[in-house]
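So this block is final.csv, CSV, C-alpha atoms (C1' of nucleotides):
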chain,number,residue,atom,x,y,z
A,58,MET,CA,0.0,0.0,0.0
A,59,SER,CA,1.3,3.5,-0.9
A,60,ARG,CA,1.1,5.8,2.1
A,61,THR,CA,2.6,8.9,0.6
A,62,ASP,CA,-0.6,10.7,-0.5
A,63,PRO,CA,-1.2,14.0,1.3
A,64,GLU,CA,-4.3,12.8,3.0
A,65,THR,CA,-2.6,10.0,4.8
A,66,THR,CA,0.5,12.0,5.8
A,67,GLY,CA,-1.7,14.8,7.1
A,68,LEU,CA,-3.7,12.4,9.1
A,69,GLU,CA,-0.6,10.8,10.4
A,70,HIS,CA,0.6,14.1,11.6
A,71,MET,CA,-2.7,14.7,13.4
A,72,LEU,CA,-2.5,11.3,15.0
A,73,CYS,CA,1.0,11.7,16.4
A,74,PHE,CA,0.1,15.2,17.7
A,75,ASP,CA,-3.1,13.8,19.2
A,76,LEU,CA,-1.5,10.9,20.9
A,77,TYR,CA,1.3,13.0,22.2
A,78,ALA,CA,-1.0,15.7,23.5
A,79,ALA,CA,-3.6,13.2,24.9
A,80,ASN,CA,-1.0,11.3,26.9
A,81,HIS,CA,0.3,14.5,28.4
A,82,ALA,CA,-3.2,15.8,29.1
A,83,PHE,CA,-3.9,12.5,30.8
A,84,GLY,CA,-0.9,12.9,33.0
A,85,ARG,CA,-1.8,16.5,33.9
A,86,MET,CA,-5.3,15.4,34.7
A,87,TYR,CA,-4.0,12.7,37.0
A,88,LYS,CA,-1.6,15.0,38.8
A,89,PRO,CA,-4.1,16.7,41.2
A,90,LEU,CA,-5.6,13.3,41.9
A,91,LEU,CA,-2.3,11.7,42.8
A,92,GLU,CA,-0.7,14.6,44.7
A,93,PRO,CA,-2.5,13.7,47.9
A,94,LEU,CA,-1.1,10.2,47.6
A,95,GLY,CA,2.4,11.6,47.1
A,96,LEU,CA,2.8,9.7,43.8
A,97,THR,CA,3.7,10.8,40.3
A,98,TYR,CA,1.8,9.3,37.3
A,99,PRO,CA,4.5,6.7,36.4
A,100,GLN,CA,4.9,5.8,40.1
A,101,TYR,CA,1.1,5.3,40.3
A,102,LEU,CA,1.2,3.0,37.3
A,103,VAL,CA,3.9,0.9,39.0
A,104,MET,CA,1.8,0.8,42.2
A,105,VAL,CA,-1.3,-0.2,40.3
A,106,THR,CA,0.7,-3.0,38.7
A,107,LEU,CA,1.9,-4.1,42.2
A,108,TRP,CA,-1.5,-3.9,43.8
A,109,ALA,CA,-2.7,-6.3,41.1
A,110,ALA,CA,0.1,-8.9,41.4
A,111,ALA,CA,2.8,-8.2,44.0
A,112,PRO,CA,5.4,-9.4,44.4
A,113,LEU,CA,6.9,-8.9,41.0
A,114,SER,CA,10.5,-8.7,39.7
A,115,VAL,CA,11.8,-5.5,38.2
A,116,GLY,CA,11.6,-7.3,34.8
A,117,ASP,CA,8.0,-8.3,35.4
A,118,ILE,CA,7.0,-4.7,36.1
A,119,GLY,CA,9.0,-3.6,33.1
A,120,GLN,CA,7.2,-6.0,30.8
A,121,ARG,CA,3.8,-4.9,31.9
A,122,LEU,CA,4.6,-1.2,31.5
A,123,ALA,CA,7.0,-1.4,28.6
A,124,LEU,CA,9.8,0.1,30.7
A,125,GLU,CA,13.3,-1.0,31.3
A,126,SER,CA,15.5,-1.2,34.4
A,127,ASN,CA,17.2,2.1,33.6
A,128,THR,CA,13.8,3.8,34.2
A,129,LEU,CA,12.4,1.5,36.9
A,130,THR,CA,15.5,1.2,39.2
A,131,PRO,CA,15.5,4.8,40.3
A,132,LEU,CA,11.7,5.0,40.4
A,133,LEU,CA,11.5,1.9,42.6
A,134,LYS,CA,14.2,3.2,44.8
A,135,ARG,CA,12.1,6.3,45.3
A,136,LEU,CA,9.1,4.2,46.1
A,137,GLU,CA,11.3,2.3,48.6
A,138,ALA,CA,12.5,5.5,50.2
A,139,MET,CA,8.9,6.5,50.6
A,140,GLY,CA,8.3,3.2,52.4
A,141,LEU,CA,5.8,1.9,49.9
A,142,VAL,CA,7.7,-1.1,48.5
A,143,GLN,CA,10.6,-3.3,49.5
A,144,ARG,CA,13.3,-4.5,47.1
A,145,THR,CA,15.1,-7.8,47.9
A,146,ARG,CA,17.4,-10.0,45.9
A,147,ASP,CA,15.7,-13.2,45.0
A,148,SER,CA,17.5,-15.9,46.9
A,149,ALA,CA,16.6,-18.5,44.2
A,150,ASP,CA,18.1,-16.3,41.4
A,151,GLU,CA,20.4,-13.6,42.8
A,152,ARG,CA,20.2,-11.7,39.5
A,153,ARG,CA,16.6,-10.9,40.2
A,154,VAL,CA,15.2,-8.2,42.5
A,155,SER,CA,11.8,-9.0,43.9
A,156,VAL,CA,9.6,-5.9,44.5
A,157,ASP,CA,6.9,-6.3,47.1
A,158,LEU,CA,4.5,-4.0,48.8
A,159,THR,CA,5.0,-2.9,52.4
A,160,ASP,CA,1.9,-2.6,54.6
A,161,THR,CA,2.0,1.1,54.0
A,162,GLY,CA,2.1,0.5,50.2
A,163,ARG,CA,-0.8,-1.9,50.4
A,164,ALA,CA,-2.8,0.6,52.5
A,165,ARG,CA,-2.3,3.2,49.7
A,166,GLU,CA,-4.6,1.2,47.5
A,167,ALA,CA,-7.6,2.1,49.6
A,168,GLN,CA,-6.6,5.7,49.6
A,169,ALA,CA,-6.4,5.6,45.8
A,170,ALA,CA,-9.7,3.8,45.3
A,171,HIS,CA,-11.5,6.9,44.0
A,172,VAL,CA,-8.8,7.7,41.4
A,173,PRO,CA,-9.8,5.5,38.4
A,174,GLY,CA,-13.5,6.6,38.7
A,175,CYS,CA,-12.5,10.3,38.9
A,176,ALA,CA,-10.2,9.8,35.9
A,177,ALA,CA,-12.9,8.1,33.9
A,178,GLU,CA,-15.3,10.9,34.8
A,179,ALA,CA,-12.7,13.5,33.8
A,180,THR,CA,-12.3,12.1,30.3
A,181,GLY,CA,-15.9,13.2,29.5
A,182,LEU,CA,-16.3,10.0,27.5
A,183,SER,CA,-19.1,7.5,27.8
A,184,LEU,CA,-18.4,3.9,28.7
A,185,ASP,CA,-18.8,2.9,25.1
A,186,GLU,CA,-16.4,5.5,24.0
A,187,LEU,CA,-13.9,4.5,26.6
A,188,GLN,CA,-14.2,0.9,25.4
A,189,ALA,CA,-13.8,1.9,21.7
A,190,LEU,CA,-10.7,3.9,22.5
A,191,HIS,CA,-9.3,1.1,24.5
A,192,GLN,CA,-9.7,-1.3,21.6
A,193,GLN,CA,-8.2,1.2,19.1
A,194,LEU,CA,-5.1,1.7,21.3
A,195,ARG,CA,-4.6,-2.0,21.9
A,196,LYS,CA,-4.7,-2.5,18.2
A,197,LEU,CA,-2.3,0.3,17.5
A,198,ARG,CA,0.1,-1.0,20.1
A,199,SER,CA,0.0,-4.5,18.9
A,200,GLY,CA,0.5,-3.2,15.4
A,201,LEU,CA,3.5,-1.2,16.5
A,202,LYS,CA,5.1,-4.2,18.1
A,203,ARG,CA,6.0,-5.5,14.7
A,204,VAL,CA,8.6,-2.7,14.2
B,1,MET,CA,-23.2,9.2,36.7
B,2,SER,CA,-21.5,6.9,39.2
B,3,ARG,CA,-18.2,5.8,38.0
B,4,THR,CA,-17.1,3.7,40.9
B,5,ASP,CA,-18.2,0.3,39.6
B,6,PRO,CA,-15.4,-2.2,39.1
B,7,GLU,CA,-16.0,-2.4,35.4
B,8,THR,CA,-15.4,1.3,34.8
B,9,THR,CA,-12.4,1.5,37.1
B,10,GLY,CA,-10.9,-1.6,35.5
B,11,LEU,CA,-11.4,-0.1,32.0
B,12,GLU,CA,-10.0,3.2,33.1
B,13,HIS,CA,-6.8,1.4,34.3
B,14,MET,CA,-6.5,-0.3,30.9
B,15,LEU,CA,-7.0,3.0,29.2
B,16,CYS,CA,-4.3,4.8,31.1
B,17,PHE,CA,-1.9,1.9,30.6
B,18,ASP,CA,-2.7,1.8,26.9
B,19,LEU,CA,-2.4,5.5,26.3
B,20,TYR,CA,0.9,5.6,28.2
B,21,ALA,CA,2.3,2.6,26.4
B,22,ALA,CA,1.0,3.6,22.9
B,23,ASN,CA,2.6,7.0,23.1
B,24,HIS,CA,5.9,5.5,24.1
B,25,ALA,CA,5.6,2.9,21.4
B,26,PHE,CA,4.9,5.6,18.9
B,27,GLY,CA,8.0,7.5,20.1
B,28,ARG,CA,10.2,4.4,19.8
B,29,MET,CA,8.8,3.6,16.4
B,30,TYR,CA,9.7,7.2,15.2
B,31,LYS,CA,13.2,7.1,16.6
B,32,PRO,CA,14.9,5.1,13.7
B,33,LEU,CA,13.0,7.2,11.2
B,34,LEU,CA,14.2,10.5,12.8
B,35,GLU,CA,17.7,9.5,13.6
B,36,PRO,CA,19.0,10.2,10.1
B,37,LEU,CA,17.5,13.7,10.4
B,38,GLY,CA,19.3,14.2,13.7
B,39,LEU,CA,15.9,15.0,15.4
B,40,THR,CA,14.3,13.6,18.5
B,41,TYR,CA,10.5,13.0,18.5
B,42,PRO,CA,9.6,16.3,20.3
B,43,GLN,CA,12.1,18.2,18.1
B,44,TYR,CA,10.4,16.7,15.1
B,45,LEU,CA,7.0,17.8,16.3
B,46,VAL,CA,8.3,21.3,16.7
B,47,MET,CA,9.8,21.2,13.2
B,48,VAL,CA,6.5,20.0,11.8
B,49,THR,CA,4.7,22.9,13.5
B,50,LEU,CA,7.2,25.3,12.0
B,51,TRP,CA,7.1,23.8,8.5
B,52,ALA,CA,3.4,24.4,8.6
B,53,ALA,CA,3.4,28.0,9.8
B,54,ALA,CA,6.8,29.6,10.5
B,55,PRO,CA,7.6,32.0,11.9
B,56,LEU,CA,5.9,31.4,15.2
B,57,SER,CA,6.5,32.8,18.7
B,58,VAL,CA,7.5,30.4,21.5
B,59,GLY,CA,4.0,30.8,22.9
B,60,ASP,CA,2.4,29.9,19.5
B,61,ILE,CA,4.4,26.7,19.3
B,62,GLY,CA,3.6,25.9,22.9
B,63,GLN,CA,-0.1,26.4,22.3
B,64,ARG,CA,-0.1,24.0,19.4
B,65,LEU,CA,1.9,21.3,21.2
B,66,ALA,CA,0.6,21.9,24.8
B,67,LEU,CA,4.1,22.7,26.0
B,68,GLU,CA,5.4,25.6,28.0
B,69,SER,CA,8.5,27.8,27.7
B,70,ASN,CA,10.3,25.7,30.3
B,71,THR,CA,10.2,22.8,27.9
B,72,LEU,CA,10.5,24.7,24.6
B,73,THR,CA,13.3,27.2,25.4
B,74,PRO,CA,16.0,24.5,25.8
B,75,LEU,CA,14.6,22.5,22.9
B,76,LEU,CA,14.6,25.5,20.6
B,77,LYS,CA,18.1,26.5,21.7
B,78,ARG,CA,19.2,23.0,20.6
B,79,LEU,CA,17.5,23.4,17.3
B,80,GLU,CA,19.2,26.7,16.9
B,81,ALA,CA,22.6,25.2,17.8
B,82,MET,CA,21.9,22.7,15.0
B,83,GLY,CA,21.3,25.6,12.6
B,84,LEU,CA,17.7,24.6,11.9
B,85,VAL,CA,15.9,27.6,13.4
B,86,GLN,CA,16.7,31.2,14.3
B,87,ARG,CA,15.4,32.9,17.5
B,88,THR,CA,15.0,36.6,17.4
B,89,ARG,CA,13.3,39.1,19.8
B,90,ASP,CA,10.2,40.5,18.2
B,91,SER,CA,10.9,44.2,17.7
B,92,ALA,CA,7.3,45.1,18.0
B,93,ASP,CA,6.9,43.4,21.4
B,94,GLU,CA,10.3,42.7,23.0
B,95,ARG,CA,8.8,40.1,25.3
B,96,ARG,CA,8.2,37.8,22.4
B,97,VAL,CA,10.7,35.6,20.7
B,98,SER,CA,10.1,34.8,17.1
B,99,VAL,CA,11.2,31.4,15.9
B,100,ASP,CA,11.8,31.1,12.2
B,101,LEU,CA,13.3,28.4,10.0
B,102,THR,CA,16.7,28.7,8.5
B,103,ASP,CA,17.3,27.6,4.9
B,104,THR,CA,18.8,24.4,6.4
B,105,GLY,CA,15.7,24.0,8.6
B,106,ARG,CA,13.4,24.4,5.6
B,107,ALA,CA,15.5,21.9,3.6
B,108,ARG,CA,15.0,19.3,6.3
B,109,GLU,CA,11.3,19.2,5.4
B,110,ALA,CA,12.0,17.5,2.1
B,111,GLN,CA,14.4,15.0,3.8
B,112,ALA,CA,11.6,14.2,6.3
B,113,ALA,CA,8.9,13.8,3.6
B,114,HIS,CA,8.8,10.0,3.8
B,115,VAL,CA,8.4,10.0,7.6
B,116,PRO,CA,4.6,10.4,8.0
B,117,GLY,CA,3.9,7.7,5.4
B,118,CYS,CA,6.4,5.3,7.1
B,119,ALA,CA,4.9,6.0,10.4
B,120,ALA,CA,1.3,5.4,9.2
B,121,GLU,CA,2.4,2.2,7.6
B,122,ALA,CA,4.1,1.1,10.8
B,123,THR,CA,0.9,1.5,12.8
B,124,GLY,CA,-0.6,-1.4,10.9
B,125,LEU,CA,-3.9,0.3,10.9
B,126,SER,CA,-6.1,1.1,7.9
B,127,LEU,CA,-7.0,4.6,6.9
B,128,ASP,CA,-10.4,4.2,8.5
B,129,GLU,CA,-8.9,3.0,11.7
B,130,LEU,CA,-6.5,5.9,11.8
B,131,GLN,CA,-9.3,8.3,11.2
B,132,ALA,CA,-11.4,6.7,14.0
B,133,LEU,CA,-8.5,6.8,16.4
B,134,HIS,CA,-7.9,10.4,15.5
B,135,GLN,CA,-11.5,11.3,16.3
B,136,GLN,CA,-11.5,9.4,19.6
B,137,LEU,CA,-8.3,11.1,20.7
B,138,ARG,CA,-9.6,14.5,19.8
B,139,LYS,CA,-12.7,13.9,21.7
B,140,LEU,CA,-10.7,12.7,24.7
B,141,ARG,CA,-8.5,15.7,24.7
B,142,SER,CA,-11.3,18.2,24.3
B,143,GLY,CA,-13.0,16.5,27.2
B,144,LEU,CA,-9.9,16.6,29.3
B,145,LYS,CA,-9.5,20.3,28.7
B,146,ARG,CA,-12.4,21.0,31.1
B,147,VAL,CA,-10.3,19.8,34.0
C,233,DT,C1',3.4,60.4,34.1
C,234,DG,C1',3.6,56.9,37.2
C,235,DC,C1',2.3,52.7,39.5
C,236,DG,C1',0.2,48.2,39.5
C,237,DA,C1',-1.4,44.3,36.8
C,238,DC,C1',-0.4,41.4,33.3
C,239,DT,C1',2.3,38.8,29.8
C,240,DA,C1',6.3,36.3,27.3
C,241,DG,C1',10.3,33.9,28.0
C,242,DA,C1',14.0,32.1,30.7
C,243,DT,C1',15.9,29.6,34.7
C,244,DC,C1',16.1,26.0,38.2
C,245,DG,C1',15.2,21.6,40.4
C,246,DT,C1',13.1,17.0,40.2
C,247,DG,C1',11.5,13.0,37.8
C,248,DC,C1',11.0,10.2,34.0
C,249,DG,C1',12.5,7.6,29.3
C,250,DC,C1',16.0,5.4,27.0
C,251,DG,C1',20.5,4.1,24.4
C,252,DA,C1',24.8,2.5,25.8
C,253,DT,C1',27.4,0.2,28.9
C,254,DA,C1',28.8,-2.3,33.2
C,255,DT,C1',28.4,-5.9,36.7
C,256,DA,C1',27.2,-10.0,38.5
C,257,DA,C1',24.7,-14.4,38.5
C,258,DT,C1',23.1,-18.3,35.8
C,259,DT,C1',23.0,-21.4,32.0
C,260,DC,C1',25.1,-23.7,28.2
C,261,DT,C1',28.5,-26.4,25.9
C,262,DC,C1',32.2,-29.0,25.4
D,135,DG,C1',33.8,-28.4,35.6
D,136,DA,C1',36.0,-24.3,33.1
D,137,DG,C1',35.0,-20.8,29.9
D,138,DA,C1',31.5,-18.6,26.7
D,139,DA,C1',27.0,-16.9,26.1
D,140,DT,C1',22.9,-15.3,28.2
D,141,DT,C1',20.1,-12.9,31.6
D,142,DA,C1',18.7,-9.4,35.4
D,143,DT,C1',19.6,-5.4,37.2
D,144,DA,C1',22.3,-1.1,37.8
D,145,DT,C1',24.8,3.1,36.2
D,146,DC,C1',25.6,7.0,33.2
D,147,DG,C1',24.4,10.7,30.1
D,148,DC,C1',21.2,13.4,27.6
D,149,DG,C1',16.8,15.2,26.5
D,150,DC,C1',12.3,16.1,27.6
D,151,DA,C1',8.0,17.7,30.9
D,152,DC,C1',6.6,20.6,34.4
D,153,DG,C1',5.9,23.3,38.9
D,154,DA,C1',7.9,27.3,40.9
D,155,DT,C1',10.1,31.4,40.4
D,156,DC,C1',12.5,35.3,38.1
D,157,DT,C1',13.1,39.1,34.8
D,158,DA,C1',11.9,42.3,31.6
D,159,DG,C1',8.6,44.4,28.6
D,160,DT,C1',3.7,46.1,27.9
D,161,DC,C1',-0.8,47.8,29.1
D,162,DG,C1',-4.4,50.1,31.9
D,163,DC,C1',-5.9,53.7,34.4
D,164,DA,C1',-6.1,57.6,37.3

Starting from the coordinates I provided, produce the structure as structure tokens.
Amino acid sequence: MSRTDPETTGLEHMLCFDLYAANHAFGRMYKPLLEPLGLTYPQYLVMVTLWAAAPLSVGDIGQRLALESNTLTPLLKRLEAMGLVQRTRDSADERRVSVDLTDTGRAREAQAAHVPGCAAEATGLSLDELQALHQQLRKLRSGLKRV
Amino acid sequence: MSRTDPETTGLEHMLCFDLYAANHAFGRMYKPLLEPLGLTYPQYLVMVTLWAAAPLSVGDIGQRLALESNTLTPLLKRLEAMGLVQRTRDSADERRVSVDLTDTGRAREAQAAHVPGCAAEATGLSLDELQALHQQLRKLRSGLKRV
DNA sequence: TGCGACTAGATCGTGCGCGATATAATTCTC
DNA sequence: GAGAATTATATCGCGCACGATCTAGTCGCA
């Protein structure tokens, strides 16, 4: 397929602008919700991951969020300094670092319970629209994986 | 509308993960395309903006990309150091800085002509799907503006 | 004319993202 | 079972993002 016609390239520009801006707008929208919890947006995503399935290795978390150790290591150390998680070398495989929630970290989940609802509300989209967008983005991401 | 039911909050989690991951995946996909041009993804977005409507003030660019001077000033200085743009104080209003393309900067547009098509191709989505996603994201962003 | 409010950019500090590289533990292979 | 290849995490450097703050230029209004 030829993708060099003006229509496509224009649309592609729009799309990359939109995705870029939408992601940042999402982050900004979350900020006031997360501030009381003392978490940044990426830190929150890591905590959500851990609330769902702790303990996880650094690599496990990275795989779920498409992040690498060079991003996660400092972030996890900050979470550890806050007393929310604990990092311990896996005794079975000393290369691995197991990340688990502390009691304080687990307790944060209840304090964050209202966040997803508020965020969904703030998008101004209906359930159907959220679902559609979810599908589109999953498809986009799975397409991009090929590259 | 109550947005505290598990279904919505779960979906909202998925959405914020997807948007986060899709944006990064987009950036990673662009990287090899932009490397020959010597541009990062945000730098490319600024150049696209300028190719469309140079000269623009720092604020104009910021408005189009939802970025502020604290992000743009260093980025534009790097583009200037590369010889792609020129920053000059607006003589009519000395508070403003007018950013214009140099001949080198203008010439980069032709060298980047293949990028949008390649990117659209890499998404693996059809034209209709790209269009739908574009609409969804625009709606999301306009909804988020209320916050 | 002069003072206060406002605006456009710049600067600073912190926290991601990520390519490149380093280190240490494990596994593979002969 | 010793050395090579692989794997998991850490470190380093650079470039965004963005809140907070600063400076300088402009405007409003008596």

Neighbouring residues of stretch 122-139 of chain A were defined as those with any atom within 12 Å, considering all atoms listed in the file; residues of the same chain fewer than 5 positions away were excluded. Please report them as a ChimeraX atom specification.
/A:94-107,113-117,144-145,153-159,161-162,165,198,202 /B:14,16-25,28 /C:246-253 /D:142-147

Find the spatial neighbours of D:DC163, counting all atoms listed in the file, within a cut-off of 12 Å - ignore same-chain residues fewer than 5 positions away - and output them as a count of residues only.
5

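Using all atoms listed in the file, the nearest neighbour of A:Cys175 within the list A:Leu90, A:Phe83, A:Glu151, A:Leu194 is A:Leu90.
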
When the cut-off is 12 Å and we count only C-alpha atoms (C1' of nucleotides), which residues of chain D are near chain B, given as an mmCIF file with C-alpha atoms (C1' of nucleotides), keeping the file's coordinate frame?
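File produced: iface07.cif:
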data_model
loop_
_atom_site.group_PDB
_atom_site.id
_atom_site.type_symbol
_atom_site.label_atom_id
_atom_site.label_comp_id
_atom_site.auth_asym_id
_atom_site.auth_seq_id
_atom_site.Cartn_x
_atom_site.Cartn_y
_atom_site.Cartn_z
ATOM 1 C "C1'" DC D 148 21.200 13.400 27.600
ATOM 2 C "C1'" DG D 149 16.800 15.200 26.500
ATOM 3 C "C1'" DC D 150 12.300 16.100 27.600
ATOM 4 C "C1'" DA D 151 8.000 17.700 30.900
ATOM 5 C "C1'" DC D 152 6.600 20.600 34.400
ATOM 6 C "C1'" DG D 153 5.900 23.300 38.900
ATOM 7 C "C1'" DA D 154 7.900 27.300 40.900
ATOM 8 C "C1'" DT D 155 10.100 31.400 40.400
ATOM 9 C "C1'" DT D 157 13.100 39.100 34.800
ATOM 10 C "C1'" DA D 158 11.900 42.300 31.600
ATOM 11 C "C1'" DG D 159 8.600 44.400 28.600
ATOM 12 C "C1'" DT D 160 3.700 46.100 27.900
ATOM 13 C "C1'" DC D 161 -0.800 47.800 29.100
#

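Take atom C1' of D:DA138 and atom CA of A:Ala149: the distance between them is 23.0 Å.
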
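Reported to one decimal place, the separation of atom CA of B:Leu133 from atom CA of A:Met86 is 20.5 Å.
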
Suppose you want the space between atom CA of A:Pro89 and atom CA of A:Thr180; what is it in Å?
14.4 Å

With a cut-off of 9 Å and counting all atoms listed in the file, select all residues of chain C in contact with chain B and give the selection as an mmCIF file with C-alpha atoms (C1' of nucleotides), in the coordinates of the input.
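In the end it all went to out_23.cif:
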data_model
loop_
_atom_site.group_PDB
_atom_site.id
_atom_site.type_symbol
_atom_site.label_atom_id
_atom_site.label_comp_id
_atom_site.auth_asym_id
_atom_site.auth_seq_id
_atom_site.Cartn_x
_atom_site.Cartn_y
_atom_site.Cartn_z
ATOM 1 C "C1'" DT C 239 2.300 38.800 29.800
ATOM 2 C "C1'" DA C 240 6.300 36.300 27.300
ATOM 3 C "C1'" DG C 241 10.300 33.900 28.000
ATOM 4 C "C1'" DA C 242 14.000 32.100 30.700
ATOM 5 C "C1'" DT C 243 15.900 29.600 34.700
ATOM 6 C "C1'" DG C 249 12.500 7.600 29.300
#
